$ cat my_file-v7.tsv   # TSV, C-alpha atoms
chain	number	residue	atom	x	y	z
V	1	MET	CA	-73.50	-77.67	-180.46
V	2	THR	CA	-76.95	-76.42	-179.43
V	3	ALA	CA	-79.75	-78.77	-180.51
V	4	PRO	CA	-82.01	-77.35	-183.25
V	5	ALA	CA	-85.35	-76.15	-181.87
V	6	HIS	CA	-87.31	-77.48	-184.87
V	7	VAL	CA	-86.81	-81.04	-186.10
V	8	VAL	CA	-88.45	-82.29	-189.30
V	9	LEU	CA	-88.88	-86.07	-189.32
V	10	GLY	CA	-89.00	-87.16	-192.94
V	11	GLY	CA	-87.20	-84.07	-194.14
V	12	ASN	CA	-86.10	-85.53	-197.48
V	13	GLY	CA	-89.60	-85.89	-198.94
V	14	VAL	CA	-91.17	-83.03	-200.86
V	15	VAL	CA	-93.30	-81.89	-197.91
V	16	GLY	CA	-90.32	-82.26	-195.60
V	17	ARG	CA	-88.12	-80.17	-197.88
V	18	GLU	CA	-90.75	-77.45	-198.11
V	19	THR	CA	-91.23	-77.43	-194.33
V	20	VAL	CA	-87.49	-77.13	-193.79
V	21	ARG	CA	-87.32	-74.32	-196.36
V	22	ALA	CA	-90.13	-72.43	-194.63
V	23	LEU	CA	-88.60	-72.77	-191.17
V	24	LEU	CA	-85.19	-71.62	-192.39
V	25	ALA	CA	-86.81	-68.66	-194.15
V	26	HIS	CA	-88.21	-67.61	-190.78
V	27	GLY	CA	-84.79	-67.88	-189.16
V	28	ARG	CA	-85.59	-71.00	-187.13
V	29	SER	CA	-82.86	-73.38	-186.02
V	30	THR	CA	-83.83	-76.51	-187.95
V	31	ALA	CA	-82.76	-80.13	-188.41
V	32	SER	CA	-83.85	-82.43	-191.20
V	33	VAL	CA	-84.10	-86.12	-190.31
V	34	GLY	CA	-83.95	-88.85	-192.93
V	35	ARG	CA	-82.16	-91.96	-194.08
V	36	ARG	CA	-79.86	-89.78	-196.18
V	37	PRO	CA	-78.38	-86.29	-195.69
V	38	SER	CA	-80.69	-83.42	-196.55
V	39	PRO	CA	-80.29	-81.68	-199.94
V	40	VAL	CA	-81.43	-78.36	-198.42
V	41	ASP	CA	-78.66	-75.82	-197.82
V	42	GLY	CA	-78.36	-74.38	-194.34
V	43	VAL	CA	-80.14	-77.16	-192.45
V	44	ARG	CA	-78.54	-79.54	-190.00
V	45	SER	CA	-78.84	-83.11	-191.32
V	46	VAL	CA	-79.56	-86.00	-188.97
V	47	THR	CA	-79.40	-89.50	-190.41
V	48	ALA	CA	-81.90	-91.78	-188.70
V	49	ASP	CA	-84.39	-94.60	-189.24
V	50	LEU	CA	-87.83	-93.61	-187.94
V	51	LEU	CA	-88.65	-97.29	-187.40
V	52	GLN	CA	-86.01	-97.38	-184.67
V	53	GLY	CA	-87.09	-95.83	-181.39
V	54	ALA	CA	-83.54	-95.05	-180.33
V	55	ASP	CA	-82.93	-93.17	-183.59
V	56	VAL	CA	-86.04	-91.03	-183.15
V	57	ALA	CA	-85.18	-90.33	-179.52
V	58	ARG	CA	-81.71	-89.20	-180.58
V	59	ALA	CA	-83.10	-87.03	-183.38
V	60	LEU	CA	-85.55	-85.23	-181.07
V	61	ARG	CA	-83.15	-84.64	-178.22
V	62	GLY	CA	-83.62	-81.03	-177.14
V	63	ALA	CA	-86.28	-80.31	-179.80
V	64	GLU	CA	-88.90	-77.67	-179.06
V	65	VAL	CA	-91.07	-78.74	-182.01
V	66	ALA	CA	-91.11	-82.02	-183.95
V	67	TYR	CA	-92.76	-82.22	-187.37
V	68	LEU	CA	-93.79	-85.70	-188.52
V	69	VAL	CA	-94.07	-85.39	-192.31
V	70	ALA	CA	-92.58	-88.73	-193.35
V	71	GLY	CA	-93.99	-90.68	-196.27
V	72	LEU	CA	-94.05	-94.42	-196.91
V	73	PRO	CA	-94.29	-96.48	-200.09
V	74	TYR	CA	-97.89	-96.46	-201.35
V	75	SER	CA	-98.81	-99.86	-199.97
V	76	SER	CA	-101.56	-100.74	-197.49
V	77	ARG	CA	-99.41	-103.56	-196.12
V	78	VAL	CA	-96.40	-101.30	-195.57
V	79	TRP	CA	-98.58	-98.61	-194.02
V	80	ALA	CA	-100.20	-101.08	-191.61
V	81	GLU	CA	-96.84	-102.51	-190.57
V	82	GLN	CA	-94.75	-99.36	-190.37
V	83	TRP	CA	-96.89	-96.27	-189.74
V	84	PRO	CA	-98.00	-97.24	-186.21
V	85	VAL	CA	-94.36	-97.91	-185.31
V	86	ILE	CA	-93.24	-94.52	-186.62
V	87	VAL	CA	-96.05	-92.70	-184.82
V	88	ARG	CA	-95.37	-94.52	-181.53
V	89	ASN	CA	-91.64	-93.83	-181.75
V	90	THR	CA	-92.32	-90.16	-182.43
V	91	VAL	CA	-94.88	-89.85	-179.64
V	92	ASP	CA	-92.58	-91.53	-177.12
V	93	ALA	CA	-89.63	-89.32	-178.02
V	94	ALA	CA	-91.74	-86.14	-178.07
V	95	LEU	CA	-93.21	-86.94	-174.65
V	96	GLU	CA	-89.75	-87.61	-173.26
V	97	GLN	CA	-88.40	-84.31	-174.59
V	98	GLY	CA	-91.51	-82.23	-173.99
V	99	SER	CA	-91.62	-81.42	-177.72
V	100	HIS	CA	-94.69	-80.02	-179.43
V	101	LEU	CA	-95.67	-82.46	-182.20
V	102	VAL	CA	-96.93	-81.14	-185.54
V	103	TYR	CA	-98.41	-84.07	-187.44
V	104	PHE	CA	-98.93	-83.90	-191.20
V	105	ASP	CA	-102.01	-85.89	-192.18
V	106	ASN	CA	-104.03	-86.70	-195.27
V	107	VAL	CA	-107.82	-86.99	-195.64
V	108	TYR	CA	-108.04	-90.78	-195.97
V	109	ALA	CA	-109.49	-91.20	-192.47
V	110	TYR	CA	-112.58	-89.22	-193.51
V	111	GLY	CA	-113.57	-91.94	-195.98
V	112	ARG	CA	-116.36	-91.17	-198.44
V	113	VAL	CA	-117.65	-87.67	-197.81
V	114	HIS	CA	-120.69	-85.92	-199.26
V	115	GLY	CA	-119.98	-82.22	-199.44
V	116	PRO	CA	-116.84	-80.24	-198.62
V	117	MET	CA	-114.46	-81.69	-196.02
V	118	THR	CA	-114.01	-79.46	-192.98
V	119	GLU	CA	-112.17	-79.91	-189.69
V	120	GLY	CA	-115.49	-81.12	-188.25
V	121	THR	CA	-115.94	-83.92	-190.77
V	122	PRO	CA	-116.27	-87.23	-188.87
V	123	ILE	CA	-113.52	-89.82	-189.01
V	124	ALA	CA	-115.12	-92.71	-190.89
V	125	PRO	CA	-112.52	-94.51	-193.03
V	126	SER	CA	-113.70	-96.61	-195.96
V	127	SER	CA	-110.34	-98.03	-197.08
V	128	ARG	CA	-107.46	-99.99	-195.60
V	129	LYS	CA	-105.16	-97.00	-195.83
V	130	GLY	CA	-107.82	-94.83	-194.24
V	131	ARG	CA	-108.11	-97.21	-191.31
V	132	VAL	CA	-104.35	-97.03	-190.77
V	133	ARG	CA	-104.51	-93.25	-190.65
V	134	ALA	CA	-107.53	-93.32	-188.32
V	135	ALA	CA	-105.69	-95.67	-185.95
V	136	ALA	CA	-102.76	-93.24	-185.88
V	137	LEU	CA	-105.14	-90.47	-184.82
V	138	GLU	CA	-106.22	-92.65	-181.90
V	139	LEU	CA	-102.56	-92.99	-180.89
V	140	LEU	CA	-102.22	-89.21	-181.00
V	141	ASP	CA	-105.37	-88.74	-178.91
V	142	ALA	CA	-103.96	-91.13	-176.31
V	143	ALA	CA	-100.66	-89.23	-176.30
V	144	ALA	CA	-102.49	-85.92	-175.86
V	145	ALA	CA	-104.21	-87.41	-172.81
V	146	ARG	CA	-100.71	-88.13	-171.44
V	147	GLY	CA	-99.73	-84.49	-171.84
V	148	LEU	CA	-98.33	-84.26	-175.36
V	149	ALA	CA	-99.12	-81.08	-177.29
V	150	VAL	CA	-100.27	-82.28	-180.73
V	151	THR	CA	-101.27	-80.09	-183.67
V	152	ILE	CA	-102.53	-81.70	-186.89
V	153	GLY	CA	-102.19	-80.19	-190.34
V	154	ARG	CA	-104.34	-82.01	-192.87
V	155	SER	CA	-104.07	-81.77	-196.65
V	156	SER	CA	-105.84	-83.14	-199.67
V	157	ASP	CA	-103.85	-84.49	-202.64
V	158	PHE	CA	-100.83	-82.32	-203.31
V	159	TYR	CA	-98.75	-81.24	-206.29
V	160	GLY	CA	-95.74	-79.03	-206.77
V	161	PRO	CA	-92.17	-78.77	-208.01
V	162	GLY	CA	-90.42	-82.09	-207.44
V	163	ALA	CA	-93.53	-83.76	-206.00
V	164	SER	CA	-92.69	-87.16	-207.46
V	165	THR	CA	-95.32	-89.00	-205.39
V	166	SER	CA	-98.16	-86.74	-206.53
V	167	ALA	CA	-100.71	-88.36	-208.86
V	168	PHE	CA	-101.22	-85.04	-210.65
V	169	ASN	CA	-97.49	-84.60	-211.17
V	170	THR	CA	-97.09	-88.18	-212.39
V	171	PHE	CA	-100.13	-88.58	-214.64
V	172	ALA	CA	-100.54	-85.03	-215.89
V	173	LEU	CA	-97.58	-82.70	-215.45
V	174	ASP	CA	-94.79	-85.16	-216.23
V	175	ARG	CA	-96.64	-86.34	-219.34
V	176	ILE	CA	-97.33	-82.82	-220.54
V	177	ALA	CA	-93.68	-81.90	-219.95
V	178	ALA	CA	-92.74	-84.84	-222.19
V	179	GLY	CA	-95.09	-83.67	-224.96
V	180	ARG	CA	-97.80	-86.22	-224.19
V	181	THR	CA	-101.44	-85.88	-223.19
V	182	GLY	CA	-102.16	-85.17	-219.53
V	183	THR	CA	-104.19	-87.87	-217.80
V	184	TRP	CA	-106.79	-87.74	-215.02
V	185	LEU	CA	-108.21	-90.69	-213.13
V	186	LEU	CA	-111.76	-91.98	-213.66
V	187	ASP	CA	-113.86	-88.80	-214.00
V	188	ALA	CA	-112.28	-85.59	-215.22
V	189	ASP	CA	-115.44	-83.56	-214.64
V	190	GLN	CA	-115.59	-83.89	-210.85
V	191	PRO	CA	-114.20	-81.08	-208.68
V	192	HIS	CA	-111.01	-82.13	-206.93
V	193	SER	CA	-108.92	-80.16	-204.42
V	194	LEU	CA	-105.16	-79.99	-204.91
V	195	ALA	CA	-102.77	-78.39	-202.41
V	196	TYR	CA	-99.47	-76.79	-203.47
V	197	THR	CA	-96.48	-78.23	-201.63
V	198	PRO	CA	-94.78	-74.87	-200.87
V	199	ASP	CA	-98.07	-73.76	-199.29
V	200	ILE	CA	-98.09	-76.94	-197.18
V	201	GLY	CA	-94.56	-76.29	-195.95
V	202	ASP	CA	-95.37	-72.67	-195.10
V	203	ALA	CA	-98.51	-73.72	-193.22
V	204	LEU	CA	-96.79	-76.46	-191.21
V	205	ALA	CA	-94.16	-73.94	-190.15
V	206	VAL	CA	-96.99	-71.69	-188.94
V	207	LEU	CA	-98.49	-74.56	-186.93
V	208	GLY	CA	-95.15	-75.14	-185.26
V	209	THR	CA	-94.47	-71.51	-184.39
V	210	ALA	CA	-97.86	-69.85	-183.74
V	211	ARG	CA	-99.01	-70.43	-180.17
V	212	ARG	CA	-102.71	-70.05	-181.06
V	213	ALA	CA	-102.48	-72.88	-183.59
V	214	ARG	CA	-101.48	-75.43	-180.98
V	215	GLY	CA	-103.64	-78.38	-180.05
V	216	ARG	CA	-106.08	-78.25	-182.97
V	217	THR	CA	-106.62	-79.86	-186.33
V	218	TRP	CA	-106.29	-77.51	-189.30
V	219	HIS	CA	-106.91	-77.95	-193.00
V	220	LEU	CA	-103.90	-76.51	-194.78
V	221	PRO	CA	-104.42	-73.75	-197.38
V	222	THR	CA	-105.94	-75.17	-200.55
V	223	ALA	CA	-107.09	-73.31	-203.65
V	224	PRO	CA	-110.75	-73.61	-204.69
V	225	ALA	CA	-111.34	-76.98	-206.34
V	226	LEU	CA	-111.40	-77.32	-210.11
V	227	THR	CA	-112.35	-80.31	-212.19
V	228	GLY	CA	-109.64	-82.66	-213.39
V	229	ARG	CA	-110.10	-81.37	-216.92
V	230	GLN	CA	-109.62	-77.79	-215.77
V	231	HIS	CA	-106.45	-78.73	-213.89
V	232	VAL	CA	-105.00	-80.37	-216.99
V	233	ARG	CA	-105.92	-77.42	-219.20
V	234	LEU	CA	-104.17	-75.00	-216.86
V	235	ALA	CA	-101.00	-76.97	-217.57
V	236	ALA	CA	-101.42	-77.86	-221.23
V	237	GLY	CA	-103.49	-74.98	-222.58
V	238	PRO	CA	-107.19	-74.11	-222.84
V	239	GLY	CA	-107.85	-76.37	-225.80
V	240	ALA	CA	-105.84	-79.34	-224.57
V	241	ARG	CA	-107.34	-82.81	-224.52
V	242	THR	CA	-107.51	-84.69	-221.23
V	243	ALA	CA	-106.96	-88.44	-221.31
V	244	VAL	CA	-109.10	-90.24	-218.74
V	245	MET	CA	-107.97	-93.49	-217.15
V	246	SER	CA	-111.12	-95.60	-216.94
V	247	ALA	CA	-112.12	-97.91	-214.12
V	248	THR	CA	-111.64	-100.87	-216.45
V	249	THR	CA	-108.08	-99.81	-217.26
V	250	LEU	CA	-107.35	-99.27	-213.58
V	251	ARG	CA	-108.72	-102.71	-212.65
V	252	LEU	CA	-106.72	-104.40	-215.40
V	253	GLY	CA	-103.61	-102.56	-214.30
V	254	ALA	CA	-104.22	-103.68	-210.72
V	255	LEU	CA	-103.69	-107.28	-211.83
V	256	PHE	CA	-100.08	-106.53	-212.73
V	257	ASN	CA	-99.13	-103.20	-211.19
V	258	THR	CA	-98.83	-102.51	-207.46
V	259	ALA	CA	-99.43	-98.77	-207.78
V	260	ALA	CA	-102.65	-99.34	-209.74
V	261	ARG	CA	-103.80	-101.92	-207.20
V	262	GLU	CA	-103.17	-99.54	-204.32
V	263	THR	CA	-104.95	-96.69	-206.13
V	264	LEU	CA	-108.03	-98.78	-206.81
V	265	GLU	CA	-109.34	-98.72	-203.24
V	266	MET	CA	-109.07	-94.92	-203.22
V	267	SER	CA	-111.01	-94.51	-206.46
V	268	TYR	CA	-113.97	-92.96	-204.60
V	269	GLN	CA	-111.87	-89.79	-204.39
V	270	TYR	CA	-112.10	-89.45	-208.17
V	271	THR	CA	-115.63	-90.62	-208.92
V	272	GLY	CA	-117.35	-87.85	-206.95
V	273	PRO	CA	-116.57	-84.37	-205.65
V	274	HIS	CA	-113.41	-84.27	-203.53
V	275	VAL	CA	-113.34	-80.82	-201.98
V	276	LEU	CA	-111.30	-79.62	-198.99
V	277	ASP	CA	-112.34	-76.45	-197.13
V	278	SER	CA	-109.39	-74.59	-195.61
V	279	THR	CA	-111.29	-71.46	-194.59
V	280	ALA	CA	-110.45	-71.80	-190.89
V	281	PHE	CA	-106.68	-71.68	-191.39
V	282	GLN	CA	-106.83	-68.92	-193.98
V	283	THR	CA	-109.02	-66.77	-191.74
V	284	ALA	CA	-107.05	-67.40	-188.56
V	285	PHE	CA	-103.64	-66.66	-190.06
V	286	GLY	CA	-104.48	-64.25	-192.88
V	287	THR	CA	-103.04	-66.45	-195.60
V	288	ALA	CA	-104.21	-67.39	-199.07
V	289	PRO	CA	-103.28	-70.45	-201.12
V	290	THR	CA	-101.19	-70.03	-204.24
V	291	PRO	CA	-103.52	-69.70	-207.25
V	292	LEU	CA	-103.68	-72.95	-209.18
V	293	ALA	CA	-102.53	-71.34	-212.44
V	294	GLU	CA	-99.39	-70.05	-210.72
V	295	GLY	CA	-98.62	-73.27	-208.86
V	296	ILE	CA	-99.22	-75.49	-211.86
V	297	ALA	CA	-96.98	-73.30	-214.02
V	298	ALA	CA	-94.15	-73.60	-211.48
V	299	ALA	CA	-94.58	-77.35	-211.11
V	300	LEU	CA	-94.69	-77.82	-214.89
V	301	ALA	CA	-91.53	-75.72	-215.32
V	302	ALA	CA	-89.77	-77.90	-212.76
V	303	ALA	CA	-90.93	-81.05	-214.57
V	304	ARG	CA	-89.59	-79.70	-217.88
V	305	ALA	CA	-86.26	-78.90	-216.23
V	306	THR	CA	-85.86	-82.40	-214.80
V	307	PRO	CA	-83.70	-84.70	-216.96
V	308	ARG	CA	-85.63	-87.55	-218.54
V	309	ARG	CA	-84.60	-91.09	-217.63
$ encode --input "my_file-v7.tsv" --output "structure tokens"
Amino acid sequence: MTAPAHVVLGGNGVVGRETVRALLAHGRSTASVGRRPSPVDGVRSVTADLLQGADVARALRGAEVAYLVAGLPYSSRVWAEQWPVIVRNTVDAALEQGSHLVYFDNVYAYGRVHGPMTEGTPIAPSSRKGRVRAAALELLDAAAARGLAVTIGRSSDFYGPGASTSAFNTFALDRIAAGRTGTWLLDADQPHSLAYTPDIGDALAVLGTARRARGRTWHLPTAPALTGRQHVRLAAGPGARTAVMSATTLRLGALFNTAARETLEMSYQYTGPHVLDSTAFQTAFGTAPTPLAEGIAAALAAARATPRR
């Protein structure tokens, strides 16, 4: 059997599934790599552990393009222990195979930013998780110096159908779908960029297939930022109330809840403007992000269709 030209490492996560979907829609021979078989029809499933170098090497054998879109549990300790291993394994295998690496990144390495984030924003992490992501960028720079073609697609917080790790899905959409009040963290009147997961998948597929995208960092298409309150009202209705999780509540929760503790160090993203500028990608490739009203409606419909536990 001919090896798939495009291999998505972490294909079972929401961004992985959307990337696989986008590649298949463009007729690309695609494999999805994960600990379990892929739920996406038409893709070749490869079961592998990205923490094992031999598994990654096997998964990328013959790959033209590798997409690293894997997620880890939201834990600084887990990130520090596992993310460098995953990146090194991927880099080594991609170098061996001559694969172009498309790396899906977040904005944590920027740290606290005053003004919109652009591709020229300096790397200046202000959190433990941000330092892990910045260290991974250093690994990629070193690999590029060894001849690896690396293209980075960077996104702000995301949301979308089935995006179970999204804060907006969890605190707002899932609650609204259950007939409860949507919640925003810390300050609901600050502008905050949200990217739609199908847009992320489409954009990563572009980065892996468009020759002129190669070797650069791109901010993936993101709709103009709204305030947290405006995001919630798009889901729940114009007169809907927005519950705000205060800093005190978050700190108290951090004493007992791991997720709250891990969110606390990233609170700066919610206490001031958090705006991502994706003009460069949109201009270069003639694309536009899905309007927030449309994306939120689709994500809310998916949440309502998901059986309650």
$ residues_around --input "my_file-v7.tsv" --residues "Ala260 of chain V" --least-positions-apart "2" --cutoff "12 Å" --atoms "all atoms listed in the file" --output "ChimeraX atom specification"
/V:74-75,167,185,245-258,262-267
$ write_last_selection --input "my_file-v7.tsv" --atoms "C-alpha atoms" --output "mmCIF file, in the frame of the given file"
data_model
loop_
_atom_site.group_PDB
_atom_site.id
_atom_site.type_symbol
_atom_site.label_atom_id
_atom_site.label_comp_id
_atom_site.auth_asym_id
_atom_site.auth_seq_id
_atom_site.Cartn_x
_atom_site.Cartn_y
_atom_site.Cartn_z
ATOM 1 C CA TYR V 74 -97.890 -96.460 -201.350
ATOM 2 C CA SER V 75 -98.810 -99.860 -199.970
ATOM 3 C CA ALA V 167 -100.710 -88.360 -208.860
ATOM 4 C CA LEU V 185 -108.210 -90.690 -213.130
ATOM 5 C CA MET V 245 -107.970 -93.490 -217.150
ATOM 6 C CA SER V 246 -111.120 -95.600 -216.940
ATOM 7 C CA ALA V 247 -112.120 -97.910 -214.120
ATOM 8 C CA THR V 248 -111.640 -100.870 -216.450
ATOM 9 C CA THR V 249 -108.080 -99.810 -217.260
ATOM 10 C CA LEU V 250 -107.350 -99.270 -213.580
ATOM 11 C CA ARG V 251 -108.720 -102.710 -212.650
ATOM 12 C CA LEU V 252 -106.720 -104.400 -215.400
ATOM 13 C CA GLY V 253 -103.610 -102.560 -214.300
ATOM 14 C CA ALA V 254 -104.220 -103.680 -210.720
ATOM 15 C CA LEU V 255 -103.690 -107.280 -211.830
ATOM 16 C CA PHE V 256 -100.080 -106.530 -212.730
ATOM 17 C CA ASN V 257 -99.130 -103.200 -211.190
ATOM 18 C CA THR V 258 -98.830 -102.510 -207.460
ATOM 19 C CA GLU V 262 -103.170 -99.540 -204.320
ATOM 20 C CA THR V 263 -104.950 -96.690 -206.130
ATOM 21 C CA LEU V 264 -108.030 -98.780 -206.810
ATOM 22 C CA GLU V 265 -109.340 -98.720 -203.240
ATOM 23 C CA MET V 266 -109.070 -94.920 -203.220
ATOM 24 C CA SER V 267 -111.010 -94.510 -206.460
#
$ residues_around --input "my_file-v7.tsv" --residues "Arg212 of chain V" --least-positions-apart "6" --cutoff "12 Å" --atoms "all atoms listed in the file" --output "list in words"
Thr151, Val206, Trp218, Phe281, Ala284 and Phe285 of chain V
$ write_last_selection --input "my_file-v7.tsv" --atoms "C-alpha atoms" --output "PDB file, in the coordinates of the input"
ATOM      1  CA  THR V 151    -101.270 -80.090-183.670  1.00  0.00           C
ATOM      2  CA  VAL V 206     -96.990 -71.690-188.940  1.00  0.00           C
ATOM      3  CA  TRP V 218    -106.290 -77.510-189.300  1.00  0.00           C
ATOM      4  CA  PHE V 281    -106.680 -71.680-191.390  1.00  0.00           C
ATOM      5  CA  ALA V 284    -107.050 -67.400-188.560  1.00  0.00           C
ATOM      6  CA  PHE V 285    -103.640 -66.660-190.060  1.00  0.00           C
TER       7      PHE V 285
END
$ closest_atom_pairs --input "my_file-v7.tsv" --of "segment 114-204 of chain V" --to "segment 5-21 of chain V" --cutoff "6 Å" --atoms "only C-alpha atoms" --output "tab-separated table"
residue	atom	partner	partner_atom	distance
V:Ala163	CA	V:Val14	CA	5.7
V:Pro198	CA	V:Glu18	CA	5.5
V:Gly201	CA	V:Thr19	CA	3.9
$ closest_residue --input "my_file-v7.tsv" --among "V:Val85, V:Leu95, V:Ala63, V:Ala70" --to "Ala145 of chain V" --atoms "only C-alpha atoms"
V:Leu95
$ residues_around --input "my_file-v7.tsv" --residues "His192 of chain V" --least-positions-apart "2" --cutoff "6 Å" --atoms "only C-alpha atoms" --output "ChimeraX atom specification"
/V:225-227,274-275
$ closest_residue --input "my_file-v7.tsv" --among "V:Ala80, V:Val87, V:Leu194, V:Val69" --to "Ala142 of chain V" --atoms "only C-alpha atoms"
V:Val87
$ closest_residue --input "my_file-v7.tsv" --among "V:His114, V:Pro291, V:Leu72, V:Leu173" --to "Pro84 of chain V" --atoms "all atoms listed in the file"
V:Leu72
$ closest_residue --input "my_file-v7.tsv" --among "V:Ala243, V:Ala177, V:Ala172, V:Met117" --to "Ser278 of chain V" --atoms "only C-alpha atoms"
V:Met117
$ atom_distance --input "my_file-v7.tsv" --atom1 "atom CA of Ile123 of chain V" --atom2 "atom CA of Val78 of chain V"
21.6 Å
$ closest_residue --input "my_file-v7.tsv" --among "V:Thr165, V:Thr30, V:Thr90, V:Thr290" --to "Gln52 of chain V" --atoms "all atoms listed in the file"
V:Thr90
$ atom_distance --input "my_file-v7.tsv" --atom1 "atom CA of Ala109 of chain V" --atom2 "atom CA of Ala134 of chain V"
5.1 Å
$ closest_residue --input "my_file-v7.tsv" --among "V:Gly111, V:Gly295, V:Gly42, V:Gly160" --to "Val132 of chain V" --atoms "all atoms listed in the file"
V:Gly111
$ residues_around --input "my_file-v7.tsv" --residues "Ala213 of chain V" --least-positions-apart "3" --cutoff "12 Å" --atoms "all atoms listed in the file" --output "list in words"
His100, Leu101, Val102, Ala149, Val150, Thr151, Ile152, Gly153, Ala203, Leu204, Ala205, Val206, Leu207, Gly208, Thr209, Ala210, Arg216, Thr217, Trp218, His219, Leu220, Ala280, Phe281, Gln282, Ala284 and Phe285 of chain V
$ axis_aligned_box --input "my_file-v7.tsv" --around "segment 35-54 of chain V" --padding-each-side "8 Å" --output "JSON"
{"center_x": -83.5, "center_y": -85.9, "center_z": -190.1, "size_x": 26.3, "size_y": 39.0, "size_z": 35.6}
$ atom_distance --input "my_file-v7.tsv" --atom1 "atom CA of Thr170 of chain V" --atom2 "atom CA of Pro224 of chain V"
21.4 Å
$ residues_around --input "my_file-v7.tsv" --residues "Gly239 of chain V" --least-positions-apart "3" --cutoff "12 Å" --atoms "all atoms listed in the file" --output "list in words"
Thr181, Arg229, Gln230, Val232, Arg233, Leu234, Ala235, Ala236 and Thr242 of chain V
